[in-house]
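Below is one structure, written out as structure tokens; the observations come after it.
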Amino acid sequence: MTSLRVLLVGDLNEFAKGYAEARAMRALGFDVKALSHTVISGADRGHPEFSLGYRIAHKLGYELDTVGINRGLFDAAREFEPDIAWIEKGNMIRPGTLKALKKMRPGLRLAAYSDDDMYLAHNRSSHYTAGLRIYDCVFTTKAANTESAELVSLGARRVVLVDKAFDPRQHHPVSLSESDRHAYSCDVGFIGSYESERGAALNFLAANGVSVRVWGNGWRDMPAPHPNLRLELEPVVNTNAAPNYTKCISATRINLGFLRKLNRDLHSDRSVEIPACGGFMLAERTTDHLRLFEEGREAAYFESPDELLTKVRHYLANDAERRMIAASGLGRCRTGGYDLDTRAQRMLSVVLDTPAGDEGAA
């Protein structure tokens, strides 16, 4: 597979998954040409800034092609002659473009991938839905998406479940300077967007004497945060120049892992990135989390606010146990094939119908 030519289309901002995927495929020795379907901006926010017109169209189920990716994709495929066209959350990719690619290169394999729950209407566009039947393989991180009533019912011919993965080039233990510790240190921390359920759980911890620190978007909307709850009101992200997300995890004694219920998450990016950075993770107890990390040995879990508070108090008072669990979680990441390179190789093998080992989830 080392001579495989992959044309990757995704968000190529440094903080985005598409950028990491392209880098992983190149590290594996594949010939990769990468195109960004998203404007390159927003490194300080962790997301690009979109116009009002773009946001309105998105709400109506249409994704605007703001960078001319449909034309660019076709031209690149004609010049590059890829074996696989890998498209990450291609809401702006028109079905006509996919059909033209297939006509131009009859042997081309088309693969779609997204971290989001693409059965939910707010995550997909009319272009994406109409194009599902053209892809040879559609990868999802949501178990429900593989059921016959979901993406298959929308036209997908082959839906494959995959786990989240960490990028070994950015998610790893790091040494912290005094300024890093001043910027990020805390007893209990959470990195993620505001949701009312998350806010309630964190306020509950704060009201019971726990010092909590939060980074992410949307927290300005939280009503009446407790004084013990420190809201940074901005995301913390990794770029090549500043691995601040990794530093934040490393500087936090207990990293919380809340899931997004709207997207029916059973695990998230943080579920593997926190342990991969050497951080201690206390996350919601789910079947996926229990499968990925052994409870009490490689991670800790909770189901209710009371259990969350009990676990927080326990692990803050037991540094040695907490560090041992964090080290075991890091070891599981390194030996369990949770890294992006391993995941990318398995997924490309699936696209080519040459499975690389017994994967369960690719």
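Numbering starts fresh at 1 for the residues of each chain in the structure tokens, the chains themselves are lettered A, B, ... in the order given, and ligands are numbered from 1 as they appear.
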- Item | Close residues, Arg213 in chain A itself excluded, 7 Å, only C-alpha atoms, min 4 positions apart in chain, as number ranges by chain | A: 186, 188-190, 229-231
- Spatial neighbours of Ala121 in chain A, max dist 10 Å, only C-alpha atoms, sep filter under 5 positions, as a ChimeraX atom specification: /A:59-61,126,129
- Query: Leaving out Arg322 in chain A and any residue of its chain fewer than 5 positions from it, which residues lie within 12 Å of it when counting only C-alpha atoms, given as a PyMOL selection string?
  - Reply: chain A and resi 252-255+275+278-282+296-300+311-317+327-329
Shell around Arg343 in chain A at 9 Å using only C-alpha atoms, local window under 6 positions removed, as a short mmCIF file (atom, residue, chain, number, x, y, z; two decimals) with C-alpha atoms, in the first residue's frame:
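The new file selection-v1.cif reads:
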data_model
loop_
_atom_site.label_atom_id
_atom_site.label_comp_id
_atom_site.auth_asym_id
_atom_site.auth_seq_id
_atom_site.Cartn_x
_atom_site.Cartn_y
_atom_site.Cartn_z
CA VAL A 162 -14.44 3.47 13.64
CA ASP A 163 -13.13 4.68 16.98
CA LYS A 164 -11.66 8.09 17.64
CA ALA A 165 -7.87 8.30 17.50
CA GLY A 337 -3.64 0.87 18.27
CA ALA A 362 -11.56 0.07 12.20
#
